[in-house]
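These notes concern the structure reproduced below.
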2 protein chains.
Amino acid sequence: MLNFTFHNPTKIVFGQGTLNQIGSEAALYGKKALYIYGKGSIKKNGVYDQTAASLKAAGVELIEFEGVKANPILSHTREGIALAKREKVDMIVAVGGGSVIDEAKGIAAGAVMETDIWEFYARRHKLQSALPLLAVLTLAATGTEMNGGTVITNEETKEKLGISSPYLYPKASIMDPTTLISVPADQTAYGAVDAATHLLESYFTQESNYTPIQDRYVEGIVRTIIEITETQQKNPNDLTARATFMWAATLAWNGLAPAGVGKWSTPNHLIGHSMSALHDTAHGASLSISLSGWMPWYAEQRNPGHWDGTDRLAQLGKAVFDVSTAEETIDAFRHWFRSIGSPTTLSDIGVDDAGLVKIAENIGHCAPLWGLPEYTAPFCEAILRRCR
Amino acid sequence: MLNFTFHNPTKIVFGQGTLNQIGSEAALYGKKALYIYGKGSIKKNGVYDQTAASLKAAGVELIEFEGVKANPILSHTREGIALAKREKVDMIVAVGGGSVIDEAKGIAAGAVMETDIWEFYARRHKLQSALPLLAVLTLAATGTEMNGGTVITNEETKEKLGISSPYLYPKASIMDPTTLISVPADQTAYGAVDAATHLLESYFTQESNYTPIQDRYVEGIVRTIIEITETQQKNPNDLTARATFMWAATLAWNGLAPAGVGKWSTPNHLIGHSMSALHDTAHGASLSISLSGWMPWYAEQRNPGHWDGTDRLAQLGKAVFDVSTAEETIDAFRHWFRSIGSPTTLSDIGVDDAGLVKIAENIGHCAPLWGLPEYTAPFCEAILRRCR
């Protein structure tokens, strides 16, 4: 256990029938909102109607802004910022999955900045404020509904960069598991992989070698995610499984897992983001590929002063899969990824050896911004060759 | 998994050497603080000097108010309220354990009320505001450093009542595990029992019958508490064990364990508070006595529509003690209580059968305020007879 600061002020309103609470939560922050969403699926499943009605009934005027992409892009974020400034909105209301909320965070920050928002993502500008943000989550995966993080892609420079700020925690997030019923099997799988990876990043890379509370927290949630992913795929209407996963994904990335573990890093997110930046790979899919190669690399390390990857993997496998060795743990994860339909190799997403080298170069370029300068292009090539 | 709202805005600053951060945290809320503490142990271990210096360096003037009792009492709370009003302080700074922080919450609320503060504890007055509260924790146990709850005793009416409000979450809590080094073995045990009981109350009484995330959260922290209590008693200077327990106790009662479990209640706190109100029993000691009688009563219930206590106890025992049956789980808890020096019977605290009846009557009197009207005096007598 090492020193930490934990401060997560987001209010979570969780459960069936809670969509109509967005109005009263938003009305605490003003009378005019930028209402941001994706490609219109919320108009098919009733989420748009219910949330817009709740907001209007609470006296909140809506300026609509649609068209957020699955991997949100900088140019669209800039459009949203311009609209928020022009309309002088009091707040941002994001209705959608992690991409919509992440872009909404960029807009909430950019709307009160003179500087271009990319300066924030590129870590050359530190936020001092942001517009209040409220979220209605319709896809469980990224945990952005209860943290200060945001990731977007600069489609010109092919950089996918993430950053966090205390000003970007949503004031409140509405989490109604009935919105997940229409999530298809592949998105359900990618969400599960994303949430599990969030928990595993600090578990594998942490500085401290004695963190029983955090270890058990991670192991318990990962085990639960694995137990209920196929249930959701087979029975999309199983609201108990949907609700359990929805809360698991939030708890996976709300700052509790790494609190007290000391320094840690997110190598699999770094690697996965470069796959997505170059190939528009779904975020969760990129992570199951990365982990399938990164875990064996990690297991083979015998780096004095660092954890022994075989011990850590064996502990995880015992708690999550009831297996005994690091090798069995890695096999069990690969088997789980495949069983839920998430890829484990670069060839699964059509990337050949030349493509592998380009991904390694992209990672090497972005790595210093992620605090992982040792992830140079040649270093990453060696890891990625295990993802073939 | 059932609906819930979770909102815990307290900032936690955790770790060795963090006492000097109280000044910068407090300065965010004004320039004059009521500085409240207990019987002066903080003057012996340096906590007073370090925190007072930090506050003064940050420009915060201190109005000192000492003498909080281990089970804080209403008359002293009223004195603090009068002083806070007279001095027109901007905030309350509590330096101590759960008792000091709980009384500080009463003062923070009372300082902005016209009504007498007991009306709040007796649930006849609902808070609309309170002074900002900052805490420096020096005894890990109650979790009050990261929740909106407060318990005090009305020494005239012999009622020990607790209540919570969203206005009573500390703005920030400083948690330095070095402050725990001077905590004696008995207080260490009582803190461990208190924290474990906090986790078990919702685990045993919850409405939902499918909560794998919450179950594993509880089981993981309880197991950790049991693993490290004797370590702390044998090696009071073991800062890793102290830090681990300190964070465990906070996580035990910060609202996460019961989030999503539906309705739940705190029967062992109800029972224990009556023991303390009548016999000034240490809070943790009262809980190990209560649980030693309540668990077997719970196990023997076969109440249609409710959980089967034997199943629940067996699940807990498997996860925490590696045992198989409800009976073995109860035995393992009693054995643990005794091994760390916490009592398991009423005779351990000198209460005979006549005293038992009086405790049952006190419980029956307070039970409706705790939302447990079925805990009538005769009903409680039957449970307490198992605590002999």
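Naming scheme: A, B, ... for chains in displayed order of the structure tokens; residues 1 onward per chain; ligands 1 onward as shown.
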Could you produce a table of the residues of chain A lying within 7 Å of chain B, with the nearest pair of atoms per residue and their separation in Å rounded to one decimal, using only C-alpha atoms, ordered by chain and increasing residue number, as a Markdown table?
| residue | atom | partner | partner_atom | distance |
| --- | --- | --- | --- | --- |
| A:Met1 | CA | B:Thr240 | CA | 6.1 |
| A:Leu2 | CA | B:Gly15 | CA | 6.6 |
| A:Asn3 | CA | B:Gly15 | CA | 4.2 |
| A:Phe4 | CA | B:Phe14 | CA | 5.3 |
| A:Thr5 | CA | B:Val13 | CA | 4.6 |
| A:Phe6 | CA | B:Ile12 | CA | 5.0 |
| A:His7 | CA | B:Lys11 | CA | 4.4 |
| A:Asn8 | CA | B:Pro9 | CA | 6.0 |
| A:Pro9 | CA | B:Pro9 | CA | 4.0 |
| A:Thr10 | CA | B:His7 | CA | 6.4 |
| A:Lys11 | CA | B:His7 | CA | 4.3 |
| A:Ile12 | CA | B:Phe6 | CA | 5.0 |
| A:Val13 | CA | B:Thr5 | CA | 4.6 |
| A:Phe14 | CA | B:Phe4 | CA | 5.3 |
| A:Gly15 | CA | B:Asn3 | CA | 4.2 |
| A:Gln16 | CA | B:Asn3 | CA | 6.7 |
| A:Pro212 | CA | B:Thr224 | CA | 6.5 |
| A:Ile213 | CA | B:Ile221 | CA | 5.9 |
| A:Arg216 | CA | B:Gly220 | CA | 5.4 |
| A:Tyr217 | CA | B:Tyr217 | CA | 5.9 |
| A:Gly220 | CA | B:Arg216 | CA | 5.4 |
| A:Ile221 | CA | B:Ile213 | CA | 5.9 |
| A:Thr224 | CA | B:Pro212 | CA | 6.5 |
| A:Thr240 | CA | B:Met1 | CA | 6.1 |
| A:Ala243 | CA | B:Met1 | CA | 6.5 |
| A:Thr244 | CA | B:Met1 | CA | 6.3 |
Fit chain B to chain A, all Cα atoms paired in order, least squares. Then write it as a short mmCIF file (atom, residue, chain, number, x, y, z; two decimals) with C-alpha atoms, in the first residue's frame.
data_model
loop_
_atom_site.label_atom_id
_atom_site.label_comp_id
_atom_site.auth_asym_id
_atom_site.auth_seq_id
_atom_site.Cartn_x
_atom_site.Cartn_y
_atom_site.Cartn_z
CA MET B 1 0.00 0.00 -0.01
CA LEU B 2 1.42 3.35 -1.06
CA ASN B 3 0.21 6.93 -0.85
CA PHE B 4 -2.66 8.12 -3.01
CA THR B 5 -5.36 10.72 -3.45
CA PHE B 6 -8.85 9.53 -4.31
CA HIS B 7 -11.63 11.94 -5.19
CA ASN B 8 -14.57 10.84 -7.31
CA PRO B 9 -17.50 13.23 -6.94
CA THR B 10 -19.72 11.83 -9.71
CA LYS B 11 -23.27 11.02 -8.61
CA ILE B 12 -24.50 7.70 -9.99
CA VAL B 13 -28.23 7.18 -10.50
CA PHE B 14 -28.51 3.51 -11.36
CA GLY B 15 -31.34 1.25 -12.32
CA GLN B 16 -34.39 0.50 -14.40
CA GLY B 17 -36.63 3.48 -15.02
CA THR B 18 -34.07 6.14 -14.11
CA LEU B 19 -33.84 7.85 -17.53
CA ASN B 20 -36.45 10.36 -16.46
CA GLN B 21 -34.13 11.61 -13.70
CA ILE B 22 -31.78 13.34 -16.14
CA GLY B 23 -33.97 16.44 -16.12
CA SER B 24 -33.84 17.08 -12.38
CA GLU B 25 -30.09 16.39 -12.26
CA ALA B 26 -29.38 18.72 -15.20
CA ALA B 27 -31.62 21.52 -13.94
CA LEU B 28 -29.18 22.00 -11.05
CA TYR B 29 -26.63 23.37 -13.53
CA GLY B 30 -28.60 25.74 -15.76
CA LYS B 31 -31.29 26.11 -18.40
CA LYS B 32 -29.57 25.42 -21.71
CA ALA B 33 -27.69 22.26 -22.65
CA LEU B 34 -25.74 20.95 -25.62
CA TYR B 35 -27.38 17.54 -26.08
CA ILE B 36 -24.83 15.30 -27.76
CA TYR B 37 -25.32 11.81 -29.16
CA GLY B 38 -24.10 9.40 -31.83
CA LYS B 39 -25.68 8.10 -34.98
CA GLY B 40 -29.26 8.05 -33.87
CA SER B 41 -29.68 4.61 -32.27
CA ILE B 42 -31.09 6.42 -29.25
CA LYS B 43 -33.99 7.52 -31.44
CA LYS B 44 -34.86 3.89 -32.16
CA ASN B 45 -34.79 2.53 -28.61
CA GLY B 46 -36.72 5.35 -26.95
CA VAL B 47 -33.78 6.81 -25.01
CA TYR B 48 -33.90 10.05 -26.97
CA ASP B 49 -37.62 10.53 -26.36
CA GLN B 50 -37.43 9.79 -22.63
CA THR B 51 -34.37 11.91 -21.88
CA ALA B 52 -35.41 14.85 -24.05
CA ALA B 53 -38.85 14.86 -22.42
CA SER B 54 -37.32 14.74 -18.93
CA LEU B 55 -34.95 17.62 -19.72
CA LYS B 56 -37.65 19.77 -21.27
CA ALA B 57 -40.03 19.09 -18.37
CA ALA B 58 -37.29 20.32 -16.03
CA GLY B 59 -36.98 23.55 -18.03
CA VAL B 60 -33.73 22.70 -19.83
CA GLU B 61 -33.53 23.89 -23.44
CA LEU B 62 -31.68 21.49 -25.78
CA ILE B 63 -29.23 22.36 -28.53
CA GLU B 64 -28.79 19.05 -30.36
CA PHE B 65 -25.44 17.89 -31.67
CA GLU B 66 -25.29 14.44 -33.23
CA GLY B 67 -22.92 12.27 -35.20
CA VAL B 68 -20.24 11.21 -32.71
CA LYS B 69 -18.22 8.34 -34.21
CA ALA B 70 -17.40 5.06 -32.41
CA ASN B 71 -13.81 6.27 -32.06
CA PRO B 72 -14.58 9.98 -31.61
CA ILE B 73 -12.56 12.37 -33.76
CA LEU B 74 -11.04 15.77 -33.21
CA SER B 75 -12.77 17.62 -36.08
CA HIS B 76 -16.23 16.69 -34.78
CA THR B 77 -15.21 17.66 -31.25
CA ARG B 78 -14.12 21.06 -32.55
CA GLU B 79 -17.52 21.47 -34.25
CA GLY B 80 -19.22 20.76 -30.95
CA ILE B 81 -17.04 23.28 -29.15
CA ALA B 82 -17.91 25.97 -31.70
CA LEU B 83 -21.62 25.21 -31.32
CA ALA B 84 -21.43 25.24 -27.51
CA LYS B 85 -19.69 28.63 -27.60
CA ARG B 86 -22.06 30.09 -30.16
CA GLU B 87 -25.14 28.95 -28.25
CA LYS B 88 -23.66 29.88 -24.84
CA VAL B 89 -24.90 26.64 -23.28
CA ASP B 90 -24.72 26.17 -19.50
CA MET B 91 -23.84 22.49 -19.63
CA ILE B 92 -23.27 19.43 -21.80
CA VAL B 93 -25.62 16.44 -21.69
CA ALA B 94 -24.09 13.34 -23.28
CA VAL B 95 -26.41 10.47 -24.22
CA GLY B 96 -24.60 7.39 -25.46
CA GLY B 97 -21.63 5.14 -24.82
CA GLY B 98 -18.04 5.91 -23.95
CA SER B 99 -17.34 7.62 -27.26
CA VAL B 100 -20.17 10.12 -26.88
CA ILE B 101 -19.22 10.88 -23.28
CA ASP B 102 -15.51 11.18 -24.11
CA GLU B 103 -16.20 13.63 -26.93
CA ALA B 104 -18.61 15.50 -24.64
CA LYS B 105 -15.77 15.91 -22.14
CA GLY B 106 -13.60 17.42 -24.85
CA ILE B 107 -16.41 19.82 -25.72
CA ALA B 108 -17.06 20.67 -22.04
CA ALA B 109 -13.39 21.60 -21.70
CA GLY B 110 -13.03 23.30 -25.07
CA ALA B 111 -16.12 25.45 -24.57
CA VAL B 112 -14.38 27.43 -21.83
CA MET B 113 -10.90 27.53 -23.48
CA GLU B 114 -9.42 29.99 -25.94
CA THR B 115 -6.70 27.48 -26.85
CA ASP B 116 -7.49 24.68 -29.30
CA ILE B 117 -8.69 21.53 -27.50
CA TRP B 118 -5.97 19.29 -29.00
CA GLU B 119 -3.43 21.17 -26.88
CA PHE B 120 -5.15 19.57 -23.89
CA TYR B 121 -5.02 16.03 -25.30
CA ALA B 122 -1.39 16.56 -26.32
CA ARG B 123 -0.65 17.55 -22.69
CA ARG B 124 0.53 21.04 -23.58
CA HIS B 125 -2.42 22.76 -21.84
CA LYS B 126 -3.80 22.02 -18.35
CA LEU B 127 -7.49 22.59 -17.67
CA GLN B 128 -8.58 25.12 -15.10
CA SER B 129 -12.31 24.56 -15.63
CA ALA B 130 -14.96 23.00 -17.87
CA LEU B 131 -18.69 23.22 -18.39
CA PRO B 132 -20.76 20.90 -16.17
CA LEU B 133 -21.26 17.53 -17.83
CA LEU B 134 -24.15 15.12 -17.31
CA ALA B 135 -24.21 11.66 -18.85
CA VAL B 136 -26.82 9.09 -19.78
CA LEU B 137 -24.95 5.85 -20.41
CA THR B 138 -26.26 3.48 -23.09
CA LEU B 139 -23.25 1.19 -23.62
CA ALA B 140 -21.29 -0.21 -20.66
CA ALA B 141 -17.56 -0.52 -21.23
CA THR B 142 -15.25 2.41 -20.76
CA GLY B 143 -16.08 3.68 -17.28
CA THR B 144 -15.97 7.29 -18.49
CA GLU B 145 -19.33 7.86 -16.80
CA MET B 146 -17.51 7.93 -13.44
CA ASN B 147 -14.07 9.31 -14.12
CA GLY B 148 -12.28 12.37 -15.48
CA GLY B 149 -10.74 10.65 -18.48
CA THR B 150 -11.33 11.24 -22.17
CA VAL B 151 -9.78 9.75 -25.32
CA ILE B 152 -10.17 11.07 -28.86
CA THR B 153 -8.46 10.55 -32.18
CA ASN B 154 -6.78 13.26 -34.20
CA GLU B 155 -7.69 11.86 -37.60
CA GLU B 156 -5.13 14.07 -39.39
CA THR B 157 -2.10 13.02 -37.35
CA LYS B 158 -3.43 9.48 -36.62
CA GLU B 159 -2.87 10.01 -32.90
CA LYS B 160 -5.36 8.54 -30.41
CA LEU B 161 -4.60 10.22 -27.11
CA GLY B 162 -6.22 10.14 -23.71
CA ILE B 163 -5.93 12.37 -20.71
CA SER B 164 -7.80 13.07 -17.51
CA SER B 165 -8.69 16.08 -15.41
CA PRO B 166 -10.56 16.58 -12.15
CA TYR B 167 -12.80 19.05 -14.03
CA LEU B 168 -14.14 16.33 -16.34
CA TYR B 169 -15.92 14.05 -13.88
CA PRO B 170 -19.61 14.04 -14.84
CA LYS B 171 -21.74 15.81 -12.24
CA ALA B 172 -24.18 12.93 -12.51
CA SER B 173 -24.51 9.82 -14.66
CA ILE B 174 -27.78 8.05 -15.29
CA MET B 175 -27.26 4.30 -15.77
CA ASP B 176 -30.36 2.40 -16.82
CA PRO B 177 -29.54 -1.21 -17.73
CA THR B 178 -32.60 -1.45 -19.99
CA THR B 179 -30.68 0.74 -22.47
CA LEU B 180 -28.25 -2.20 -22.89
CA ILE B 181 -30.87 -4.63 -24.18
CA SER B 182 -30.25 -3.54 -27.78
CA VAL B 183 -26.45 -3.84 -27.51
CA PRO B 184 -25.37 -6.57 -29.97
CA ALA B 185 -23.20 -9.53 -29.04
CA ASP B 186 -19.97 -8.12 -30.49
CA GLN B 187 -20.30 -4.81 -28.64
CA THR B 188 -21.14 -6.72 -25.47
CA ALA B 189 -17.90 -8.68 -25.86
CA TYR B 190 -15.81 -5.59 -26.57
CA GLY B 191 -17.27 -3.84 -23.55
CA ALA B 192 -16.42 -6.81 -21.34
CA VAL B 193 -12.84 -6.94 -22.62
CA ASP B 194 -12.44 -3.20 -22.15
CA ALA B 195 -13.67 -3.28 -18.55
CA ALA B 196 -11.54 -6.32 -17.68
CA THR B 197 -8.47 -4.70 -19.23
CA HIS B 198 -9.03 -1.56 -17.18
CA LEU B 199 -8.77 -3.65 -14.03
CA LEU B 200 -5.75 -5.60 -15.28
CA GLU B 201 -3.60 -2.63 -16.32
CA SER B 202 -2.83 -1.56 -12.76
CA TYR B 203 -2.91 -5.14 -11.48
CA PHE B 204 -0.04 -6.10 -13.79
CA THR B 205 2.00 -2.89 -13.76
CA GLN B 206 1.67 -1.61 -10.20
CA GLU B 207 4.60 -0.51 -8.08
CA SER B 208 3.53 -1.90 -4.70
CA ASN B 209 3.94 -5.61 -4.02
CA TYR B 210 1.40 -5.81 -1.18
CA THR B 211 -2.14 -4.72 -2.04
CA PRO B 212 -4.57 -7.44 -0.91
CA ILE B 213 -7.61 -5.15 -0.96
CA GLN B 214 -6.96 -3.92 -4.48
CA ASP B 215 -6.01 -7.40 -5.73
CA ARG B 216 -9.26 -8.92 -4.47
CA TYR B 217 -11.28 -6.02 -5.81
CA VAL B 218 -9.82 -6.59 -9.28
CA GLU B 219 -10.07 -10.37 -9.13
CA GLY B 220 -13.68 -10.28 -7.94
CA ILE B 221 -14.86 -7.92 -10.66
CA VAL B 222 -12.93 -9.65 -13.46
CA ARG B 223 -14.39 -13.01 -12.40
CA THR B 224 -17.87 -11.50 -12.41
CA ILE B 225 -17.39 -9.96 -15.87
CA ILE B 226 -16.27 -13.32 -17.26
CA GLU B 227 -19.22 -15.10 -15.67
CA ILE B 228 -21.86 -12.80 -17.15
CA THR B 229 -20.64 -11.87 -20.63
CA GLU B 230 -21.93 -14.99 -22.37
CA THR B 231 -25.15 -14.70 -20.37
CA GLN B 232 -25.72 -11.27 -21.88
CA GLN B 233 -24.89 -12.52 -25.37
CA LYS B 234 -27.27 -15.47 -25.10
CA ASN B 235 -30.03 -13.56 -23.33
CA PRO B 236 -29.82 -9.90 -24.33
CA ASN B 237 -32.93 -9.19 -22.24
CA ASP B 238 -31.43 -10.54 -18.99
CA LEU B 239 -31.56 -7.31 -17.04
CA THR B 240 -29.83 -8.78 -14.00
CA ALA B 241 -26.79 -9.67 -16.08
CA ARG B 242 -26.96 -6.34 -17.93
CA ALA B 243 -27.14 -4.39 -14.65
CA THR B 244 -24.33 -6.40 -13.07
CA PHE B 245 -22.06 -5.81 -16.02
CA MET B 246 -22.99 -2.14 -16.25
CA TRP B 247 -21.92 -1.51 -12.65
CA ALA B 248 -18.85 -3.75 -13.03
CA ALA B 249 -17.61 -1.65 -15.94
CA THR B 250 -18.03 1.54 -13.93
CA LEU B 251 -16.19 0.14 -10.90
CA ALA B 252 -13.43 -1.09 -13.19
CA TRP B 253 -12.24 2.39 -14.08
CA ASN B 254 -13.39 4.80 -11.39
CA GLY B 255 -10.01 5.06 -9.66
CA LEU B 256 -10.57 2.56 -6.87
CA ALA B 257 -8.60 -0.36 -8.33
CA PRO B 258 -5.30 1.55 -8.57
CA ALA B 259 -5.76 3.61 -5.37
CA GLY B 260 -2.80 2.68 -3.19
CA VAL B 261 -0.87 0.56 -5.69
CA GLY B 262 1.71 3.26 -6.42
CA LYS B 263 2.86 4.00 -9.94
CA TRP B 264 1.17 2.05 -12.73
CA SER B 265 0.63 2.36 -16.45
CA THR B 266 -1.67 1.32 -19.27
CA PRO B 267 0.47 -0.51 -21.84
CA ASN B 268 -2.42 -2.44 -23.37
CA HIS B 269 -4.40 0.74 -23.91
CA LEU B 270 -1.37 2.34 -25.51
CA ILE B 271 -0.98 -0.62 -27.88
CA GLY B 272 -4.70 -0.95 -28.57
CA HIS B 273 -5.17 2.75 -29.30
CA SER B 274 -2.58 2.58 -32.06
CA MET B 275 -4.41 -0.35 -33.65
CA SER B 276 -7.64 1.67 -33.54
CA ALA B 277 -6.02 4.85 -34.82
CA LEU B 278 -4.63 3.04 -37.89
CA HIS B 279 -7.37 0.45 -38.54
CA ASP B 280 -10.47 1.81 -36.78
CA THR B 281 -10.51 -1.40 -34.74
CA ALA B 282 -13.16 -1.49 -32.03
CA HIS B 283 -11.49 -0.52 -28.75
CA GLY B 284 -12.28 -3.77 -26.93
CA ALA B 285 -11.17 -5.84 -29.92
CA SER B 286 -7.82 -4.09 -29.94
CA LEU B 287 -7.37 -4.83 -26.25
CA SER B 288 -7.99 -8.59 -26.51
CA ILE B 289 -5.38 -8.73 -29.29
CA SER B 290 -2.93 -6.69 -27.24
CA LEU B 291 -3.38 -8.70 -24.04
CA SER B 292 -2.98 -11.99 -25.95
CA GLY B 293 0.53 -10.92 -26.88
CA TRP B 294 1.41 -8.71 -23.91
CA MET B 295 0.64 -11.26 -21.19
CA PRO B 296 3.11 -13.90 -22.45
CA TRP B 297 5.73 -11.17 -22.86
CA TYR B 298 5.02 -10.06 -19.29
CA ALA B 299 5.18 -13.64 -17.99
CA GLU B 300 8.61 -14.18 -19.49
CA GLN B 301 10.11 -11.10 -17.89
CA ARG B 302 12.48 -11.66 -15.01
CA ASN B 303 13.28 -8.08 -14.27
CA PRO B 304 14.97 -7.57 -10.89
CA GLY B 305 13.11 -4.97 -8.87
CA HIS B 306 9.88 -5.70 -10.69
CA TRP B 307 7.16 -8.18 -10.03
CA ASP B 308 7.50 -11.64 -11.38
CA GLY B 309 4.82 -11.86 -14.05
CA THR B 310 4.41 -15.60 -13.63
CA ASP B 311 3.46 -15.21 -9.95
CA ARG B 312 1.04 -12.41 -10.68
CA LEU B 313 -0.60 -14.27 -13.55
CA ALA B 314 -0.88 -17.43 -11.48
CA GLN B 315 -2.54 -15.52 -8.62
CA LEU B 316 -5.01 -13.99 -11.06
CA GLY B 317 -5.73 -17.32 -12.73
CA LYS B 318 -6.40 -19.00 -9.42
CA ALA B 319 -8.86 -16.29 -8.38
CA VAL B 320 -10.60 -15.88 -11.72
CA PHE B 321 -10.41 -19.21 -13.56
CA ASP B 322 -9.51 -21.73 -10.81
CA VAL B 323 -6.28 -22.60 -12.66
CA SER B 324 -2.75 -22.80 -11.22
CA THR B 325 -0.07 -21.46 -13.55
CA ALA B 326 0.68 -18.34 -15.56
CA GLU B 327 0.49 -20.33 -18.79
CA GLU B 328 -2.94 -21.68 -17.88
CA THR B 329 -4.11 -18.15 -17.03
CA ILE B 330 -3.02 -16.81 -20.42
CA ASP B 331 -4.67 -19.74 -22.18
CA ALA B 332 -7.86 -19.19 -20.20
CA PHE B 333 -7.99 -15.53 -21.19
CA ARG B 334 -7.40 -16.30 -24.87
CA HIS B 335 -10.07 -18.98 -24.70
CA TRP B 336 -12.49 -16.52 -23.08
CA PHE B 337 -11.78 -13.84 -25.69
CA ARG B 338 -12.47 -16.28 -28.50
CA SER B 339 -15.56 -17.74 -26.87
CA ILE B 340 -17.22 -14.32 -26.68
CA GLY B 341 -16.06 -13.37 -30.18
CA SER B 342 -13.26 -10.92 -29.48
CA PRO B 343 -10.11 -11.31 -31.61
CA THR B 344 -6.78 -12.54 -30.24
CA THR B 345 -4.46 -12.00 -33.23
CA LEU B 346 -3.58 -9.19 -35.62
CA SER B 347 -4.53 -11.42 -38.55
CA ASP B 348 -8.05 -11.59 -37.09
CA ILE B 349 -8.35 -7.90 -38.00
CA GLY B 350 -6.51 -8.26 -41.31
CA VAL B 351 -3.16 -6.80 -40.26
CA ASP B 352 -0.10 -8.39 -41.85
CA ASP B 353 3.58 -8.07 -40.87
CA ALA B 354 3.97 -4.76 -42.68
CA GLY B 355 0.94 -3.44 -40.83
CA LEU B 356 2.42 -4.74 -37.57
CA VAL B 357 5.52 -2.61 -38.08
CA LYS B 358 3.40 0.48 -38.72
CA ILE B 359 1.41 -0.10 -35.52
CA ALA B 360 4.68 -0.48 -33.58
CA GLU B 361 5.89 2.82 -35.02
CA ASN B 362 2.65 4.56 -34.05
CA ILE B 363 2.91 3.19 -30.52
CA GLY B 364 6.52 4.34 -30.26
CA HIS B 365 5.41 7.81 -31.32
CA CYS B 366 2.59 8.06 -28.76
CA ALA B 367 4.29 6.21 -25.89
CA PRO B 368 6.10 9.16 -24.26
CA LEU B 369 2.76 10.98 -23.87
CA TRP B 370 1.42 7.90 -22.06
CA GLY B 371 4.37 7.89 -19.65
CA LEU B 372 5.76 4.73 -21.25
CA PRO B 373 8.95 5.89 -23.03
CA GLU B 374 10.34 2.34 -22.92
CA TYR B 375 7.63 1.34 -25.43
CA THR B 376 9.78 2.26 -28.43
CA ALA B 377 8.90 0.94 -31.88
CA PRO B 378 11.38 -2.01 -31.77
CA PHE B 379 10.30 -2.89 -28.22
CA CYS B 380 6.64 -2.92 -29.32
CA GLU B 381 7.39 -4.93 -32.44
CA ALA B 382 8.66 -7.72 -30.20
CA ILE B 383 5.40 -7.66 -28.24
CA LEU B 384 3.22 -7.41 -31.34
CA ARG B 385 4.91 -10.40 -32.92
CA ARG B 386 3.31 -12.41 -30.12
CA CYS B 387 -0.09 -11.13 -31.29
CA ARG B 388 0.16 -12.96 -34.61
#
Give the alpha helix (DSSP H) residues of segment 29-118 of chain A, as DSSP finds them on the backbone, and put them as JSON, numbers by chain. {"A": [41, 42, 43, 44, 47, 48, 49, 50, 51, 52, 53, 54, 55, 56, 57, 74, 75, 76, 77, 78, 79, 80, 81, 82, 83, 84, 85, 86, 87, 98, 99, 100, 101, 102, 103, 104, 105, 106, 107, 108, 109, 110, 118]}
